[in-house]
file run-v1.cif (mmCIF, C-alpha atoms)
data_data
loop_
_atom_site.label_atom_id
_atom_site.label_comp_id
_atom_site.auth_asym_id
_atom_site.auth_seq_id
_atom_site.Cartn_x
_atom_site.Cartn_y
_atom_site.Cartn_z
CA MET N 1 99.06 123.10 -6.75
CA ARG N 2 99.24 126.60 -5.29
CA SER N 3 97.76 127.35 -1.91
CA ILE N 4 94.67 129.48 -1.37
CA PRO N 5 95.61 132.80 0.25
CA LEU N 6 94.17 133.75 3.63
CA TRP N 7 92.07 136.54 2.12
CA VAL N 8 90.19 133.90 0.08
CA ALA N 9 90.25 131.09 2.65
CA VAL N 10 88.54 133.15 5.37
CA PRO N 11 85.45 134.04 3.28
CA VAL N 12 85.21 130.41 2.10
CA THR N 13 85.36 129.22 5.72
CA VAL N 14 82.67 131.73 6.73
CA ALA N 15 80.47 130.44 3.89
CA VAL N 16 80.97 126.87 5.16
CA ALA N 17 79.90 128.00 8.66
CA LEU N 18 76.76 129.91 7.63
CA PRO N 19 74.41 126.94 7.14
CA PHE N 20 75.05 125.87 10.76
CA GLY N 21 73.69 129.22 11.94
CA LEU N 22 71.02 129.84 9.32
CA TRP N 23 69.54 126.56 8.12
CA LEU N 24 69.15 124.34 11.17
CA GLY N 25 66.07 126.01 12.62
CA PRO N 26 65.82 125.27 16.35
CA TRP N 27 69.23 123.54 16.18
CA SER N 28 71.01 126.57 14.65
CA LEU N 29 74.32 127.22 16.33
CA PRO N 30 75.69 130.49 17.69
CA LEU N 31 78.13 131.38 14.93
CA TRP N 32 79.66 134.18 17.00
CA LEU N 33 80.80 131.48 19.43
CA ALA N 34 82.17 129.27 16.64
CA PHE N 35 84.11 132.20 15.18
CA ILE N 36 85.71 132.89 18.57
CA VAL N 37 86.93 129.28 18.84
CA TRP N 38 88.15 129.45 15.23
CA ALA N 39 90.27 132.48 16.15
CA GLU N 40 91.52 130.61 19.21
CA TYR N 41 92.78 127.82 16.94
CA PHE N 42 94.93 130.42 15.15
CA ALA N 43 96.03 132.06 18.40
CA LEU N 44 97.34 128.73 19.69
CA GLY N 45 99.37 127.82 16.60
CA ALA N 46 96.96 126.80 13.80
CA LYS N 47 98.10 123.15 13.75
CA PRO N 48 95.90 120.06 14.08
CA THR N 49 97.74 119.15 17.31
CA VAL N 50 96.24 122.29 18.85
CA LEU N 51 92.85 120.53 18.79
CA ARG N 52 94.14 118.16 21.51
CA VAL N 53 94.27 121.19 23.77
CA VAL N 54 91.41 123.34 22.45
CA VAL N 55 88.64 120.74 22.42
CA PRO N 56 88.98 119.20 25.91
CA SER N 57 89.83 122.54 27.52
CA PHE N 58 86.92 124.34 25.88
CA LEU N 59 84.48 121.54 26.76
CA SER N 60 85.73 121.51 30.36
CA GLY N 61 85.10 125.24 30.52
CA VAL N 62 81.53 124.85 29.26
CA VAL N 63 80.87 122.07 31.79
CA SER N 64 82.32 124.29 34.53
CA ALA N 65 79.98 127.09 33.52
CA ALA N 66 76.98 124.75 33.69
CA ILE N 67 78.01 123.56 37.17
CA ALA N 68 78.51 127.15 38.37
CA LEU N 69 75.14 128.22 36.98
CA ILE N 70 73.31 125.26 38.55
CA PHE N 71 74.94 126.00 41.91
CA THR N 72 73.94 129.66 41.62
CA LEU N 73 70.35 128.76 40.81
CA LEU N 74 70.31 126.47 43.87
CA VAL N 75 71.59 129.39 45.98
CA GLY N 76 68.71 131.41 44.53
CA MET N 77 66.26 128.84 45.87
CA VAL N 78 67.69 129.45 49.35
CA VAL N 79 68.01 133.25 49.33
CA GLY N 80 64.94 133.86 47.20
CA ASP N 81 64.44 137.36 45.85
CA ALA N 82 67.01 138.98 48.17
CA ALA N 83 68.33 142.03 46.40
CA ILE N 84 71.16 144.51 46.41
CA PHE N 85 69.77 146.39 43.45
CA SER N 86 67.35 144.10 41.61
CA SER N 87 65.27 141.14 42.69
CA GLY N 88 67.32 137.97 43.10
CA ASP N 89 70.73 139.49 42.40
CA VAL N 90 72.12 138.38 45.79
CA SER N 91 72.09 134.77 44.63
CA TRP N 92 74.26 135.71 41.66
CA PHE N 93 76.74 137.68 43.77
CA ILE N 94 77.06 134.77 46.20
CA GLY N 95 76.57 131.69 44.03
CA LEU N 96 78.62 132.41 40.94
CA PRO N 97 81.87 133.51 42.64
CA VAL N 98 81.66 130.72 45.25
CA ALA N 99 81.07 128.09 42.55
CA LEU N 100 83.89 129.38 40.39
CA ILE N 101 86.55 129.10 43.12
CA PRO N 102 86.85 125.28 43.04
CA LEU N 103 86.13 125.09 39.30
CA ILE N 104 89.00 127.43 38.46
CA TYR N 105 91.24 125.67 40.99
CA ILE N 106 90.53 122.29 39.35
CA MET N 107 91.69 123.71 36.02
CA GLN N 108 95.32 123.46 37.15
CA LEU N 109 94.85 119.72 37.75
CA LEU N 110 93.67 119.07 34.19
CA PRO N 111 96.76 118.36 32.06
CA PHE N 112 95.17 119.73 28.87
CA ALA N 113 93.99 122.94 30.57
CA LYS N 114 97.39 124.04 31.84
CA ASP N 115 99.45 126.67 30.05
CA THR N 116 98.04 127.12 26.53
CA GLY N 117 94.89 125.24 27.58
CA SER N 118 93.89 128.04 29.94
CA LEU N 119 92.70 130.22 27.04
CA PRO N 120 90.23 127.66 25.67
CA PHE N 121 89.16 126.70 29.20
CA PHE N 122 88.25 130.30 30.05
CA ASN N 123 86.74 130.72 26.61
CA GLY N 124 84.52 127.68 27.23
CA LEU N 125 83.59 129.06 30.64
CA SER N 126 82.65 132.44 29.21
CA MET N 127 80.75 130.91 26.28
CA GLY N 128 78.85 128.58 28.63
CA LEU N 129 77.85 131.59 30.71
CA ALA N 130 77.00 133.61 27.59
CA THR N 131 74.65 131.02 26.11
CA TYR N 132 72.79 130.99 29.43
CA PHE N 133 72.65 134.75 30.00
CA ILE N 134 71.53 135.79 26.51
CA GLY N 135 68.38 133.75 27.11
CA THR N 136 67.80 132.61 23.53
CA TYR N 137 68.96 129.02 24.02
CA THR N 138 66.57 127.96 26.77
CA ASN N 139 64.65 125.84 24.25
CA PHE N 140 67.42 124.54 22.02
CA GLY N 141 66.36 122.12 19.30
CA GLY N 142 63.22 121.18 21.19
CA LEU N 143 65.18 120.43 24.35
CA SER N 144 63.51 122.38 27.10
CA LEU N 145 62.96 122.65 30.81
CA PRO N 146 60.77 125.03 32.78
CA ALA N 147 62.25 128.53 32.93
CA ASP N 148 62.67 128.22 36.70
CA SER N 149 64.46 124.84 36.57
CA VAL N 150 67.88 124.74 38.20
CA LEU N 151 68.90 122.32 35.44
CA LEU N 152 68.28 124.83 32.64
CA PRO N 153 72.05 125.37 32.18
CA LEU N 154 72.23 121.79 30.90
CA ILE N 155 70.10 122.90 27.92
CA THR N 156 71.86 126.23 27.33
CA SER N 157 75.28 124.54 27.39
CA VAL N 158 74.41 122.32 24.39
CA PRO N 159 74.77 125.12 21.79
CA ALA N 160 78.00 126.22 23.52
CA VAL N 161 79.44 122.71 23.14
CA LEU N 162 78.28 122.29 19.54
CA GLY N 163 79.33 125.82 18.54
CA GLY N 164 82.75 125.24 20.08
CA LEU N 165 83.21 122.01 18.15
CA LEU N 166 82.16 123.79 14.96
CA GLY N 167 84.72 126.53 15.69
CA ALA N 168 87.48 123.96 16.18
CA PHE N 169 86.55 122.41 12.82
CA LEU N 170 86.49 125.84 11.14
CA GLY N 171 90.01 126.56 12.39
CA TRP N 172 91.29 123.26 11.05
CA PHE N 173 89.36 123.67 7.78
CA ASN N 174 90.63 127.21 7.22
CA VAL N 175 94.25 126.08 7.46
CA ALA N 176 93.58 122.88 5.47
CA ILE N 177 92.24 124.77 2.44
CA MET N 178 95.27 127.07 2.52
CA THR N 179 97.65 124.09 2.36
CA PRO N 180 98.48 122.63 -1.04
CA PHE N 181 97.30 119.02 -1.34
CA GLY N 182 99.98 116.58 -0.24
CA ARG N 183 101.96 119.11 1.79
CA GLN N 184 102.06 119.84 5.48
CA ALA N 185 100.48 123.02 6.82
CA PRO N 186 102.93 125.92 7.00
CA GLN N 187 104.78 126.09 10.29
CA PRO N 188 105.43 129.33 12.15
CA ALA N 189 108.84 130.80 11.36
CA GLU N 190 111.52 130.00 13.91
CA THR N 191 113.54 132.81 15.33
CA VAL N 192 117.29 132.21 15.23
CA VAL N 193 119.16 133.83 18.06
CA ASP N 194 122.95 134.16 17.95
CA ALA N 195 124.57 133.21 21.25
#

call {"tool": "encode", "arguments": {"input": "run-v1.cif", "output": "structure tokens"}}
result
Amino acid sequence: MRSIPLWVAVPVTVAVALPFGLWLGPWSLPLWLAFIVWAEYFALGAKPTVLRVVVPSFLSGVVSAAIALIFTLLVGMVVGDAAIFSSGDVSWFIGLPVALIPLIYIMQLLPFAKDTGSLPFFNGLSMGLATYFIGTYTNFGGLSLPADSVLLPLITSVPAVLGGLLGAFLGWFNVAIMTPFGRQAPQPAETVVDA
């Protein structure tokens, strides 16, 4: 059995992803996020073993984003509407950087987030922040909290987690459909260096 070429496998994989973003109503996932994690799978080697790094690192990044956002919203309760330029921006300039210091430091203590795991960790962090800041996931799948709740990042992180898991699956699926049945996925070419 011949393998499916990349130029066919990618559109097939996109078609597999579309229902998750179009058909699930209030549970529809951010496909842009899933596609980023899919690309990350390829960037880190496009082998199933990569998922042992991508999934825990990405999820840790999303959790870190939720913690940082909650801390920042708590700072906002203390400083109120203090502003540099717009109402309440002081809490963001204080809270987010201060919260990120220990969260980024802890990354080096997580064995899966070291080295190649740093990319998915930071990706999870940025995607956790993105799903909060775009404001469209504050009522995800019927999960909701008041708009002023400091726990709102717990809701907005759900689509980041689910979209990341979908992206990890899409990466695996894309390679799997390009691999002839009964054969291992193609390995990257090794470079031979003469000594």

call {"tool": "atom_distance", "arguments": {"input": "run-v1.cif", "atom1": "atom CA of N:Leu18", "atom2": "atom CA of N:Gly164"}}
result
14.6 Å

call {"tool": "residues_around", "arguments": {"input": "run-v1.cif", "residues": "stretch 29-38 of chain N", "least_positions_apart": "6", "cutoff": "9 Å", "atoms": "all atoms listed in the file", "output": "list in words"}}
result
Val14, Ala17, Leu18, Phe20, Gly21, Leu22, Val54, Phe58, Pro120, Asn123, Gly124, Met127, Thr131, Pro159, Ala160, Leu162, Gly163, Gly164, Leu165, Leu166, Gly167, Ala168, Phe169, Leu170, Gly171, Trp172 and Asn174 of chain N

call {"tool": "residues_around", "arguments": {"input": "run-v1.cif", "residues": "N:Pro111", "least_positions_apart": "6", "cutoff": "12 Å", "atoms": "all atoms listed in the file", "output": "ChimeraX atom specification"}}
result
/N:52-53,56-57,60,117-118,121

call {"tool": "write_last_selection", "arguments": {"input": "run-v1.cif", "atoms": "C-alpha atoms", "output": "short mmCIF file (atom, residue, chain, number, x, y, z; two decimals), in the coordinates of the input"}}
result
data_model
loop_
_atom_site.label_atom_id
_atom_site.label_comp_id
_atom_site.auth_asym_id
_atom_site.auth_seq_id
_atom_site.Cartn_x
_atom_site.Cartn_y
_atom_site.Cartn_z
CA ARG N 52 94.14 118.16 21.51
CA VAL N 53 94.27 121.19 23.77
CA PRO N 56 88.98 119.20 25.91
CA SER N 57 89.83 122.54 27.52
CA SER N 60 85.73 121.51 30.36
CA GLY N 117 94.89 125.24 27.58
CA SER N 118 93.89 128.04 29.94
CA PHE N 121 89.16 126.70 29.20
#

call {"tool": "residues_around", "arguments": {"input": "run-v1.cif", "residues": "stretch 146-149 of chain N", "least_positions_apart": "5", "cutoff": "10 Å", "atoms": "all atoms listed in the file", "output": "list in words"}}
result
Ile70, Leu73, Leu74, Met77, Gly135, Thr138 and Asn139 of chain N

call {"tool": "residues_around", "arguments": {"input": "run-v1.cif", "residues": "stretch 94-106 of chain N", "least_positions_apart": "2", "cutoff": "12 Å", "atoms": "all atoms listed in the file", "output": "compact mmCIF listing (two decimals) with C-alpha atoms, keeping the file's coordinate frame"}}
result
# COMPACT_ATOMS: atom_id res chain seq x y z
CA SER N 57 89.83 122.54 27.52
CA SER N 60 85.73 121.51 30.36
CA GLY N 61 85.10 125.24 30.52
CA VAL N 62 81.53 124.85 29.26
CA VAL N 63 80.87 122.07 31.79
CA SER N 64 82.32 124.29 34.53
CA ALA N 65 79.98 127.09 33.52
CA ALA N 66 76.98 124.75 33.69
CA ILE N 67 78.01 123.56 37.17
CA ALA N 68 78.51 127.15 38.37
CA LEU N 69 75.14 128.22 36.98
CA ILE N 70 73.31 125.26 38.55
CA PHE N 71 74.94 126.00 41.91
CA THR N 72 73.94 129.66 41.62
CA LEU N 73 70.35 128.76 40.81
CA LEU N 74 70.31 126.47 43.87
CA VAL N 75 71.59 129.39 45.98
CA GLY N 76 68.71 131.41 44.53
CA MET N 77 66.26 128.84 45.87
CA VAL N 78 67.69 129.45 49.35
CA VAL N 79 68.01 133.25 49.33
CA ALA N 82 67.01 138.98 48.17
CA ALA N 83 68.33 142.03 46.40
CA ILE N 84 71.16 144.51 46.41
CA GLY N 88 67.32 137.97 43.10
CA ASP N 89 70.73 139.49 42.40
CA VAL N 90 72.12 138.38 45.79
CA SER N 91 72.09 134.77 44.63
CA TRP N 92 74.26 135.71 41.66
CA GLN N 108 95.32 123.46 37.15
CA LEU N 109 94.85 119.72 37.75
CA LEU N 110 93.67 119.07 34.19
CA PRO N 111 96.76 118.36 32.06
CA PHE N 112 95.17 119.73 28.87
CA ALA N 113 93.99 122.94 30.57
CA LYS N 114 97.39 124.04 31.84
CA SER N 118 93.89 128.04 29.94
CA PHE N 121 89.16 126.70 29.20
CA PHE N 122 88.25 130.30 30.05
CA LEU N 125 83.59 129.06 30.64
CA SER N 126 82.65 132.44 29.21
CA LEU N 129 77.85 131.59 30.71

call {"tool": "closest_residue", "arguments": {"input": "run-v1.cif", "among": "N:Ser87, N:Pro180, N:Trp27, N:Lys47", "to": "N:Leu143", "atoms": "only C-alpha atoms"}}
result
N:Trp27

call {"tool": "resolve_selection", "arguments": {"input": "run-v1.cif", "expression": "the PyMOL selection byres ((chain N and resi 155) around 7)", "output": "PyMOL selection string"}}
result
chain N and resi 138+140+143-144+152-154+156-158

call {"tool": "atom_distance", "arguments": {"input": "run-v1.cif", "atom1": "atom CA of N:Leu44", "atom2": "atom CA of N:Ile177"}}
result
18.4 Å

call {"tool": "closest_residue", "arguments": {"input": "run-v1.cif", "among": "N:Val161, N:Thr116, N:Leu145, N:Val150", "to": "N:Ala43", "atoms": "only C-alpha atoms"}}
result
N:Thr116

call {"tool": "atom_distance", "arguments": {"input": "run-v1.cif", "atom1": "atom CA of N:Tyr41", "atom2": "atom CA of N:Thr179"}}
result
15.8 Å

call {"tool": "axis_aligned_box", "arguments": {"input": "run-v1.cif", "around": "stretch 15-19 of chain N", "padding_each_side": "5 Å", "output": "AutoDock Vina command-line options"}}
result
--center_x 77.7 --center_y 128.7 --center_z 6.3 --size_x 16.6 --size_y 13.6 --size_z 14.8

call {"tool": "build_atoms", "arguments": {"input": "run-v1.cif", "residues": "stretch 124-135 of chain N", "atoms": "N, CA, C and O atoms", "output": "PDB file, keeping the file's coordinate frame"}}
result
ATOM      1  N   GLY N 124      85.663 128.568  27.027  1.00  0.00           N
ATOM      2  CA  GLY N 124      84.520 127.680  27.230  1.00  0.00           C
ATOM      3  C   GLY N 124      83.665 128.122  28.397  1.00  0.00           C
ATOM      4  O   GLY N 124      82.429 128.103  28.328  1.00  0.00           O
ATOM      5  N   LEU N 125      84.315 128.549  29.472  1.00  0.00           N
ATOM      6  CA  LEU N 125      83.590 129.060  30.640  1.00  0.00           C
ATOM      7  C   LEU N 125      82.760 130.278  30.259  1.00  0.00           C
ATOM      8  O   LEU N 125      81.555 130.346  30.545  1.00  0.00           O
ATOM      9  N   SER N 126      83.375 131.216  29.575  1.00  0.00           N
ATOM     10  CA  SER N 126      82.650 132.440  29.210  1.00  0.00           C
ATOM     11  C   SER N 126      81.543 132.154  28.194  1.00  0.00           C
ATOM     12  O   SER N 126      80.461 132.740  28.265  1.00  0.00           O
ATOM     13  N   MET N 127      81.781 131.240  27.266  1.00  0.00           N
ATOM     14  CA  MET N 127      80.750 130.910  26.280  1.00  0.00           C
ATOM     15  C   MET N 127      79.602 130.127  26.911  1.00  0.00           C
ATOM     16  O   MET N 127      78.439 130.309  26.540  1.00  0.00           O
ATOM     17  N   GLY N 128      79.900 129.276  27.893  1.00  0.00           N
ATOM     18  CA  GLY N 128      78.850 128.580  28.630  1.00  0.00           C
ATOM     19  C   GLY N 128      77.979 129.553  29.409  1.00  0.00           C
ATOM     20  O   GLY N 128      76.753 129.422  29.452  1.00  0.00           O
ATOM     21  N   LEU N 129      78.610 130.550  30.010  1.00  0.00           N
ATOM     22  CA  LEU N 129      77.850 131.590  30.710  1.00  0.00           C
ATOM     23  C   LEU N 129      77.050 132.427  29.715  1.00  0.00           C
ATOM     24  O   LEU N 129      75.883 132.756  29.960  1.00  0.00           O
ATOM     25  N   ALA N 130      77.672 132.757  28.591  1.00  0.00           N
ATOM     26  CA  ALA N 130      77.000 133.610  27.590  1.00  0.00           C
ATOM     27  C   ALA N 130      75.749 132.955  27.034  1.00  0.00           C
ATOM     28  O   ALA N 130      74.713 133.608  26.905  1.00  0.00           O
ATOM     29  N   THR N 131      75.827 131.667  26.694  1.00  0.00           N
ATOM     30  CA  THR N 131      74.650 131.020  26.110  1.00  0.00           C
ATOM     31  C   THR N 131      73.522 130.895  27.129  1.00  0.00           C
ATOM     32  O   THR N 131      72.355 130.786  26.747  1.00  0.00           O
ATOM     33  N   TYR N 132      73.848 130.954  28.403  1.00  0.00           N
ATOM     34  CA  TYR N 132      72.790 130.990  29.430  1.00  0.00           C
ATOM     35  C   TYR N 132      72.218 132.406  29.535  1.00  0.00           C
ATOM     36  O   TYR N 132      71.008 132.614  29.481  1.00  0.00           O
ATOM     37  N   PHE N 133      73.105 133.389  29.689  1.00  0.00           N
ATOM     38  CA  PHE N 133      72.650 134.750  30.000  1.00  0.00           C
ATOM     39  C   PHE N 133      71.956 135.452  28.837  1.00  0.00           C
ATOM     40  O   PHE N 133      71.157 136.346  29.068  1.00  0.00           O
ATOM     41  N   ILE N 134      72.239 135.089  27.592  1.00  0.00           N
ATOM     42  CA  ILE N 134      71.530 135.790  26.510  1.00  0.00           C
ATOM     43  C   ILE N 134      70.089 135.324  26.400  1.00  0.00           C
ATOM     44  O   ILE N 134      69.272 136.000  25.792  1.00  0.00           O
ATOM     45  N   GLY N 135      69.772 134.179  26.980  1.00  0.00           N
ATOM     46  CA  GLY N 135      68.380 133.750  27.110  1.00  0.00           C
ATOM     47  C   GLY N 135      67.721 133.195  25.858  1.00  0.00           C
ATOM     48  O   GLY N 135      66.556 132.829  25.897  1.00  0.00           O
TER      49      GLY N 135
END
